[in-house]
>>> print(open('final-v3.txt').read())   # compact mmCIF, C-alpha atoms
# COMPACT_ATOMS: atom_id res chain seq x y z
CA ALA A 1 117.65 133.48 193.22
CA ASN A 2 119.40 130.66 191.39
CA GLU A 3 116.63 128.18 192.23
CA LYS A 4 113.91 130.56 191.07
CA SER A 5 115.65 131.01 187.75
CA THR A 6 115.87 127.28 187.01
CA LEU A 7 112.72 125.70 188.52
CA PRO A 8 109.24 126.39 187.08
CA ILE A 9 107.03 128.65 189.17
CA VAL A 10 103.23 128.63 188.93
CA TYR A 11 101.05 131.52 190.11
CA TYR A 12 97.35 130.78 190.57
CA MET A 13 94.62 133.44 190.22
CA SER A 14 97.36 135.91 189.44
CA ILE A 15 96.35 137.73 186.24
CA LYS A 16 95.99 141.16 187.86
CA ALA A 17 99.36 140.81 189.63
CA MET A 18 101.50 140.55 186.48
CA ASP A 19 103.37 143.81 187.14
CA HIS A 20 104.19 142.89 190.73
CA ILE A 21 105.25 139.34 189.82
CA THR A 22 107.55 140.59 187.07
CA LYS A 23 109.26 143.15 189.30
CA GLU A 24 109.72 140.63 192.10
CA LEU A 25 111.26 137.97 189.87
CA LEU A 26 113.57 140.40 188.08
CA ASN A 27 114.72 141.76 191.43
CA ASP A 28 115.42 138.20 192.54
CA GLY A 29 117.72 137.72 189.57
CA CYS A 30 115.55 135.86 187.06
CA PRO A 31 116.80 136.52 183.50
CA LYS A 32 114.70 138.92 181.43
CA ASN A 33 114.35 136.30 178.67
CA THR A 34 112.91 133.60 180.98
CA PRO A 35 110.02 131.92 179.06
CA VAL A 36 106.54 132.68 180.43
CA ALA A 37 103.09 131.28 179.63
CA VAL A 38 99.74 132.76 180.65
CA ILE A 39 96.80 130.35 180.51
CA TYR A 40 93.21 131.54 180.68
CA ASN A 41 90.45 129.05 181.63
CA ALA A 42 92.92 126.18 181.86
CA GLY A 43 91.34 122.89 180.83
CA GLY A 44 88.15 124.59 179.61
CA LEU A 45 86.67 124.49 176.14
CA ASP A 46 87.74 128.12 175.65
CA GLN A 47 91.28 127.71 177.01
CA GLU A 48 93.75 130.31 175.70
CA ILE A 49 97.55 130.23 176.01
CA PHE A 50 99.83 133.24 175.52
CA ARG A 51 103.62 132.95 175.50
CA THR A 52 106.17 135.66 176.10
CA GLU A 53 109.37 136.47 178.02
CA LEU A 54 109.48 137.66 181.60
CA SER A 55 110.42 141.25 180.71
CA ASP A 56 107.35 141.50 178.42
CA LEU A 57 104.87 139.99 180.87
CA PRO A 58 103.42 143.38 181.99
CA LYS A 59 102.91 144.33 178.34
CA LEU A 60 101.05 141.07 177.76
CA GLY A 61 98.83 141.88 180.72
CA LYS A 62 97.94 145.30 179.32
CA ASN A 63 97.14 143.88 175.89
CA TYR A 64 95.28 140.68 176.79
CA CYS A 65 94.38 140.73 180.48
CA SER A 66 90.73 139.86 181.04
CA SER A 67 88.40 139.02 183.89
CA ASN A 68 88.78 135.29 183.18
CA PRO A 69 90.69 133.17 185.71
CA GLY A 70 94.25 132.40 184.74
CA LEU A 71 97.59 130.84 185.57
CA ILE A 72 101.04 132.33 185.10
CA ILE A 73 103.82 129.79 184.60
CA ILE A 74 107.44 130.92 184.70
CA GLY A 75 110.30 128.78 183.40
CA ASN A 76 111.70 126.75 180.53
CA VAL A 77 108.91 124.20 180.89
CA THR A 78 106.57 126.66 179.13
CA SER A 79 108.50 126.15 175.89
CA TYR A 80 106.98 122.69 175.55
CA GLU A 81 103.46 121.83 174.44
CA TYR A 82 101.49 118.66 173.82
CA ASN A 83 100.74 118.43 170.11
CA GLU A 84 97.16 117.12 169.86
CA LYS A 85 97.49 116.70 166.10
CA LEU A 86 99.93 113.82 166.51
CA GLY A 87 97.08 111.38 167.32
CA ALA A 88 94.76 109.64 164.88
CA LEU A 89 92.00 112.21 165.50
CA LYS A 90 94.39 115.07 164.66
CA GLY A 91 93.18 117.32 167.48
CA ASN A 92 89.65 117.49 166.03
CA LYS A 93 86.90 118.67 168.37
CA ILE A 94 84.48 115.78 168.96
CA LEU A 95 81.02 116.78 170.20
CA LEU A 96 79.80 114.03 172.54
CA THR A 97 76.01 113.99 172.84
CA CYS A 98 75.72 110.81 174.93
CA SER A 99 74.31 110.68 178.45
CA GLU A 100 76.43 111.26 181.56
CA THR A 101 76.60 107.47 181.87
CA LEU A 102 78.86 107.30 178.81
CA GLN A 103 80.55 110.71 178.89
CA SER A 104 83.60 109.66 180.91
CA LYS A 105 84.31 106.66 178.69
CA ALA A 106 83.72 108.71 175.52
CA CYS A 107 86.05 111.50 176.67
CA ASN A 108 88.78 109.01 177.54
CA GLU A 109 88.51 107.35 174.13
CA VAL A 110 88.71 110.71 172.34
CA TYR A 111 91.80 111.67 174.35
CA ARG A 112 93.33 108.27 173.65
CA TYR A 113 93.12 108.85 169.89
CA GLY A 114 94.39 112.42 170.05
CA GLY A 115 91.13 114.34 169.77
CA LYS A 116 89.57 117.06 171.89
CA PRO A 117 86.33 115.95 173.59
CA ILE A 118 83.48 118.47 173.79
CA PRO A 119 81.02 117.01 176.34
CA LEU A 120 77.42 118.01 175.57
CA PRO A 121 75.04 115.40 177.02
CA LEU A 122 71.61 115.73 175.38
CA ILE A 123 69.82 112.99 177.31
CA LYS A 124 69.30 112.30 181.00
CA LEU A 125 68.47 108.83 182.24
CA THR A 126 66.32 108.22 185.33
CA LEU A 127 64.99 105.04 186.87
CA ASN A 128 61.33 104.45 186.03
CA ASP A 129 59.45 104.76 189.35
CA GLU A 130 56.66 102.57 187.97
CA PHE A 131 58.95 99.67 187.12
CA TYR A 132 58.73 96.60 189.30
CA GLU A 133 59.11 92.96 188.34
CA ASP A 134 59.49 89.88 190.52
CA LEU A 135 62.82 88.68 189.14
CA SER A 136 62.39 85.19 190.56
CA THR A 137 59.62 84.48 187.98
CA PHE A 138 62.02 84.81 185.04
CA SER A 139 64.63 82.43 183.64
CA TRP A 140 66.50 85.14 181.69
CA ILE A 141 66.98 88.92 181.80
CA ILE A 142 68.10 90.59 178.55
CA ILE A 143 69.97 93.89 178.90
CA SER A 144 70.97 95.59 175.67
CA SER A 145 72.82 98.77 176.73
CA PRO A 146 75.13 100.10 179.48
CA SER A 147 72.38 102.54 180.48
CA SER A 148 69.89 99.71 181.01
CA ALA A 149 72.53 97.90 183.05
CA LYS A 150 73.02 100.94 185.29
CA ALA A 151 69.25 101.31 185.70
CA PHE A 152 69.02 97.63 186.65
CA ILE A 153 71.70 98.15 189.32
CA ASP A 154 69.79 101.19 190.63
CA PHE A 155 66.59 99.11 190.76
CA ILE A 156 68.32 96.38 192.78
CA ASN A 157 69.73 98.93 195.24
CA VAL A 158 66.59 101.05 195.59
CA LYS A 159 64.25 98.08 196.02
CA GLY A 160 66.69 96.04 198.10
CA VAL A 161 66.40 93.06 195.75
CA ASP A 162 67.83 89.78 197.01
CA ARG A 163 70.61 89.00 194.51
CA ARG A 164 69.90 85.30 194.86
CA THR A 165 66.65 85.88 192.95
CA ILE A 166 68.44 87.33 189.89
CA PRO A 167 68.04 84.90 186.95
CA SER A 168 70.51 84.31 184.11
CA ILE A 169 71.56 87.51 182.33
CA MET A 170 72.20 88.01 178.62
CA THR A 171 73.73 91.28 177.33
CA CYS A 172 74.52 92.76 173.91
CA GLY A 173 78.26 92.97 174.60
CA LYS A 174 81.21 93.71 176.84
CA GLU A 175 80.46 97.36 177.66
CA THR A 176 77.05 96.41 179.03
CA SER A 177 78.44 93.34 180.80
CA ASN A 178 81.22 95.37 182.41
CA GLU A 179 78.71 97.69 184.10
CA LEU A 180 77.20 94.65 185.83
CA LYS A 181 80.54 93.05 186.62
CA LYS A 182 81.64 96.25 188.41
CA VAL A 183 79.08 95.44 191.11
CA ASN A 184 79.71 91.68 191.02
CA ILE A 185 76.60 90.74 189.07
CA HIS A 186 77.33 87.66 186.95
CA VAL A 187 76.65 87.78 183.20
CA ASP A 188 75.83 84.41 181.68
CA ALA A 189 75.92 85.18 177.95
CA GLU A 190 77.06 87.88 175.54
CA PRO A 191 78.01 87.93 171.83
CA GLU A 192 81.67 87.17 171.21
CA LYS A 193 82.01 90.01 168.68
CA ASN A 194 80.10 92.62 166.66
CA PHE A 195 78.15 93.74 169.70
CA SER A 196 74.72 94.81 168.48
CA ALA A 197 71.03 93.99 168.72
CA LYS A 198 71.42 91.75 165.65
CA GLU A 199 74.10 89.65 167.34
CA LEU A 200 72.05 89.57 170.55
CA ILE A 201 69.11 88.07 168.64
CA LYS A 202 71.38 85.40 167.15
CA LEU A 203 72.63 84.55 170.63
CA ALA A 204 69.08 84.45 172.00
CA HIS A 205 68.02 81.97 169.32
CA SER A 206 70.83 79.66 170.37
CA LEU A 207 69.98 79.80 174.08
CA LEU A 208 66.24 80.39 174.53
CA SER A 209 63.36 77.94 174.14
CA LYS A 210 59.57 77.91 174.63
CA ASN A 211 60.11 76.96 178.27
CA ASP A 212 61.87 80.25 179.06
CA ASN A 213 60.27 83.32 180.62
CA VAL A 214 62.32 86.34 179.53
CA LEU A 215 62.45 89.88 180.89
CA ARG A 216 63.67 92.44 178.34
CA LEU A 217 64.75 95.76 179.92
CA ARG A 218 64.83 99.03 177.95
CA SER A 219 64.24 102.79 178.01
CA ASP A 220 60.94 104.46 177.18
CA LYS A 221 62.44 105.57 173.84
CA ALA A 222 63.89 102.23 172.73
CA GLY A 223 60.68 100.72 171.40
CA PRO A 224 59.39 97.11 171.44
CA ALA A 225 61.14 95.88 168.26
CA LEU A 226 63.76 93.79 170.08
CA ALA A 227 61.14 92.18 172.30
CA LYS A 228 59.09 91.19 169.23
CA GLU A 229 62.14 89.57 167.66
CA LEU A 230 62.84 87.69 170.88
CA LEU A 231 59.34 86.19 170.69
CA GLU A 232 60.48 84.32 167.58
CA THR A 233 62.65 82.12 169.84
CA GLY A 234 59.42 80.67 171.23
CA ALA A 235 60.05 82.07 174.71
CA LYS A 236 57.57 84.17 176.65
CA VAL A 237 58.85 87.76 176.66
CA THR A 238 57.97 90.61 179.02
CA ASP A 239 59.00 93.98 177.57
CA SER A 240 59.61 96.39 180.48
CA ILE A 241 60.65 100.04 180.65
CA ILE A 242 63.26 100.29 183.42
CA TYR A 243 64.42 103.87 182.79
CA LYS A 244 63.16 107.06 181.23
CA ASN A 245 65.03 109.18 178.78
CA SER A 246 64.53 112.95 179.12
CA GLN A 247 65.98 115.83 177.12
CA ILE A 248 68.74 118.16 178.31
CA PHE A 249 68.74 121.72 176.97
CA HIS A 250 71.83 123.90 176.49
CA GLU A 251 72.00 127.63 175.86
CA ILE A 252 75.04 127.46 173.58
CA LEU A 253 76.19 124.97 170.95
CA PRO A 254 80.01 124.76 171.24
CA GLU A 255 82.24 124.71 168.18
CA PHE A 256 82.97 121.22 166.89
CA ASP A 257 84.39 119.34 163.90
CA ILE A 258 82.77 115.95 164.45
CA VAL A 259 79.60 114.96 166.30
CA PHE A 260 79.06 111.58 167.92
CA PHE A 261 75.42 110.49 168.15
CA SER A 262 75.01 107.66 170.65
CA SER A 263 71.28 107.07 170.11
CA SER A 264 68.27 108.18 168.10
CA SER A 265 67.26 110.38 171.04
CA THR A 266 70.48 112.39 170.82
CA VAL A 267 69.78 113.07 167.13
CA GLU A 268 66.20 114.14 167.84
CA ASN A 269 67.23 116.36 170.74
CA PHE A 270 70.05 118.03 168.79
CA ILE A 271 67.81 118.87 165.85
CA GLU A 272 65.02 120.14 168.11
CA GLN A 273 67.44 122.61 169.71
CA TRP A 274 69.61 123.71 166.79
CA GLY A 275 68.14 122.29 163.58
CA ILE A 276 70.14 120.55 160.86
CA ASP A 277 72.22 123.50 159.60
CA PRO A 278 75.03 123.12 162.21
CA LEU A 279 75.44 119.49 161.05
CA LYS A 280 76.10 120.34 157.42
CA ASN A 281 79.70 119.81 156.30
CA LYS A 282 80.48 118.09 159.60
CA ILE A 283 81.55 114.50 160.18
CA LEU A 284 78.54 112.64 161.63
CA LEU A 285 79.42 109.51 163.61
CA SER A 286 76.57 107.12 164.42
CA ILE A 287 76.89 104.41 167.06
CA GLY A 288 74.69 102.02 165.08
CA GLN A 289 72.05 101.44 162.42
CA PRO A 290 68.98 102.67 164.40
CA THR A 291 70.73 105.99 165.07
CA ALA A 292 71.77 106.20 161.41
CA LYS A 293 68.14 105.66 160.34
CA THR A 294 67.10 108.65 162.46
CA LEU A 295 69.71 110.80 160.71
CA PHE A 296 68.39 109.65 157.33
CA LYS A 297 64.89 110.62 158.46
CA TYR A 298 66.10 114.23 158.52
CA LYS A 299 67.89 113.80 155.18
CA LEU A 300 71.25 113.72 156.95
CA ARG A 301 73.72 111.10 155.79
CA PRO A 302 75.96 109.69 158.54
CA THR A 303 79.60 109.95 157.54
CA LEU A 304 80.25 106.62 159.18
CA ILE A 305 78.54 104.03 161.36
CA ALA A 306 80.55 102.32 164.09
CA ASP A 307 81.81 98.84 163.22
CA GLU A 308 80.80 97.86 166.74
CA SER A 309 77.88 99.54 168.53
CA THR A 310 79.86 100.69 171.56
CA VAL A 311 81.62 103.91 172.53
CA LYS A 312 84.99 102.21 172.13
CA GLY A 313 83.97 100.76 168.78
CA ALA A 314 82.66 104.11 167.56
CA MET A 315 85.84 106.00 168.44
CA GLY A 316 87.99 103.26 166.94
CA SER A 317 86.01 103.48 163.69
CA LEU A 318 86.34 107.26 163.71
CA ALA A 319 90.11 107.11 164.27
CA SER A 320 90.51 104.67 161.34
CA PHE A 321 88.34 106.91 159.14
CA ILE A 322 90.35 110.08 159.90
CA VAL A 323 93.66 108.30 159.28
CA ALA A 324 92.35 106.89 155.96
CA GLN A 325 91.12 110.34 154.87
CA ASP A 326 94.49 111.83 155.76
CA LEU A 327 96.32 109.20 153.72
CA LEU A 328 94.06 109.79 150.72
CA SER A 329 94.68 113.53 150.85
CA THR A 330 98.45 113.02 150.73
CA THR A 331 98.49 110.59 147.80
>>> encode(input="final-v3.txt", output="structure tokens")
Amino acid sequence: ANEKSTLPIVYYMSIKAMDHITKELLNDGCPKNTPVAVIYNAGGLDQEIFRTELSDLPKLGKNYCSSNPGLIIIGNVTSYEYNEKLGALKGNKILLTCSETLQSKACNEVYRYGGKPIPLPLIKLTLNDEFYEDLSTFSWIIISSPSSAKAFIDFINVKGVDRRTIPSIMTCGKETSNELKKVNIHVDAEPEKNFSAKELIKLAHSLLSKNDNVLRLRSDKAGPALAKELLETGAKVTDSIIYKNSQIFHEILPEFDIVFFSSSSTVENFIEQWGIDPLKNKILLSIGQPTAKTLFKYKLRPTLIADESTVKGAMGSLASFIVAQDLLSTT
């Protein structure tokens, strides 16, 4: 009895057994005022937490009990709670529209800055079945996004490409390079800072010449603009679609305070499903200038554009923005 009154006890799938649990614990000698928490849909977007004392647990069940799954936690530990509003993002709900490729990283960055991630991928990336290039004929491959890097890895694995035939690789920055390094593919060049297409072009001008044969990899939605700019280096450029970008539909738009658009496609897909009204009076975070231009096309002004066109850069910019706004409101 003494142990049960001092150590926390967790009951899983126990919502309908509140009466029985209460009687059992009281009979075992647990104090009537022992703190209790009931958590519905733990870890879900619609998580609910109710707090009470052990003697009032049956009353809580009668007032709030639902068909949703729940946990019952008994003990002093239920008096504590993580305060999301202590972080830079102040517990704001961040709608993440990026593909599954970036969702994990985006969620981790939101958590790191004290926000609440709301995963809602609006695009799905699949390897282009029609893509095939003899890599040995190129001197450079240019990969300008983590998604293109993942598609390139899929291509190598699916086609059984001999890694010895892979030419030099240039990327737009560390996030893209890291995807390749995870599978021990060497990256030969990347911008030192300000990872973006603009910096990639600067790097290309310093490294490429008319003797180079370059393979530029992209999605079907990215467009040929980067390839055209690469031609100005004097190199021969092959612009190839390595993956296709398809839309994901959702029945419900979750509640959010801030939306992160990771590409023009995510903007287009959001507006096609829900229009522009849900975006009014919200903080709109764009990963870069091309995405911002798409927002402007719909007469939507991005609240901020990431200082660095990466997930990490975007969330860092957002955290700085929220902190600055908070400081302004208190002065």
>>> closest_residue(input="final-v3.txt", among="A:Phe261, A:Ile271, A:Val183, A:Val323", to="A:Ile305", atoms="all atoms listed in the file")
A:Phe261
>>> atom_distance(input="final-v3.txt", atom1="atom CA of A:Gly114", atom2="atom CA of A:Glu100")
21.4 Å
>>> residues_around(input="final-v3.txt", residues="stretch 156-161 of chain A", least_positions_apart="4", cutoff="12 Å", atoms="all atoms listed in the file", output="count of residues only")
20
>>> closest_residue(input="final-v3.txt", among="A:Leu7, A:Ala17, A:Val267, A:Ile118", to="A:Ile74", atoms="only C-alpha atoms")
A:Leu7
>>> atom_distance(input="final-v3.txt", atom1="atom CA of A:Trp274", atom2="atom CA of A:Ile258")
15.5 Å
>>> closest_atom_pairs(input="final-v3.txt", of="stretch 57-164 of chain A", to="stretch 205-212 of chain A", cutoff="10 Å", atoms="only C-alpha atoms", output="JSON lines")
{"residue": "A:Phe138", "atom": "CA", "partner": "A:Asp212", "partner_atom": "CA", "distance": 7.5}
{"residue": "A:Ser139", "atom": "CA", "partner": "A:Asp212", "partner_atom": "CA", "distance": 5.8}
{"residue": "A:Trp140", "atom": "CA", "partner": "A:Asp212", "partner_atom": "CA", "distance": 7.2}
>>> atom_distance(input="final-v3.txt", atom1="atom CA of A:Lys93", atom2="atom CA of A:Phe256")
4.9 Å
>>> residues_near_point(input="final-v3.txt", point="(60.1, 98.5, 180.4)", cutoff="6 Å", atoms="only C-alpha atoms", output="list in words")
Leu217, Arg218, Asp239, Ser240, Ile241 and Ile242 of chain A
>>> residues_around(input="final-v3.txt", residues="A:Ile21", least_positions_apart="3", cutoff="10 Å", atoms="only C-alpha atoms", output="ChimeraX atom specification")
/A:11,14-18,24-27,54,57-58,72
>>> residues_around(input="final-v3.txt", residues="A:Thr101", least_positions_apart="3", cutoff="12 Å", atoms="only C-alpha atoms", output="MDAnalysis selection string")
chainID A and resid 96:98 104:107 119 121:126 145:151 175:176 179 262 311
>>> residues_around(input="final-v3.txt", residues="A:Glu192", least_positions_apart="2", cutoff="12 Å", atoms="all atoms listed in the file", output="ChimeraX atom specification")
/A:171-174,177,189-190,194-196,199-200,202-203,308
>>> residues_around(input="final-v3.txt", residues="A:Ile252", least_positions_apart="2", cutoff="12 Å", atoms="only C-alpha atoms", output="list in words")
Leu120, Phe249, His250, Pro254, Glu255, Phe270, Gln273 and Trp274 of chain A
>>> closest_residue(input="final-v3.txt", among="A:Ala306, A:Leu295, A:Ile142, A:Ala37", to="A:Val214", atoms="all atoms listed in the file")
A:Ile142
>>> closest_residue(input="final-v3.txt", among="A:Arg163, A:Lys312, A:Lys293, A:Lys280", to="A:Asp257", atoms="all atoms listed in the file")
A:Lys280
>>> closest_residue(input="final-v3.txt", among="A:Phe260, A:Pro167, A:Ala204, A:Ile153", to="A:Lys181", atoms="all atoms listed in the file")
A:Ile153
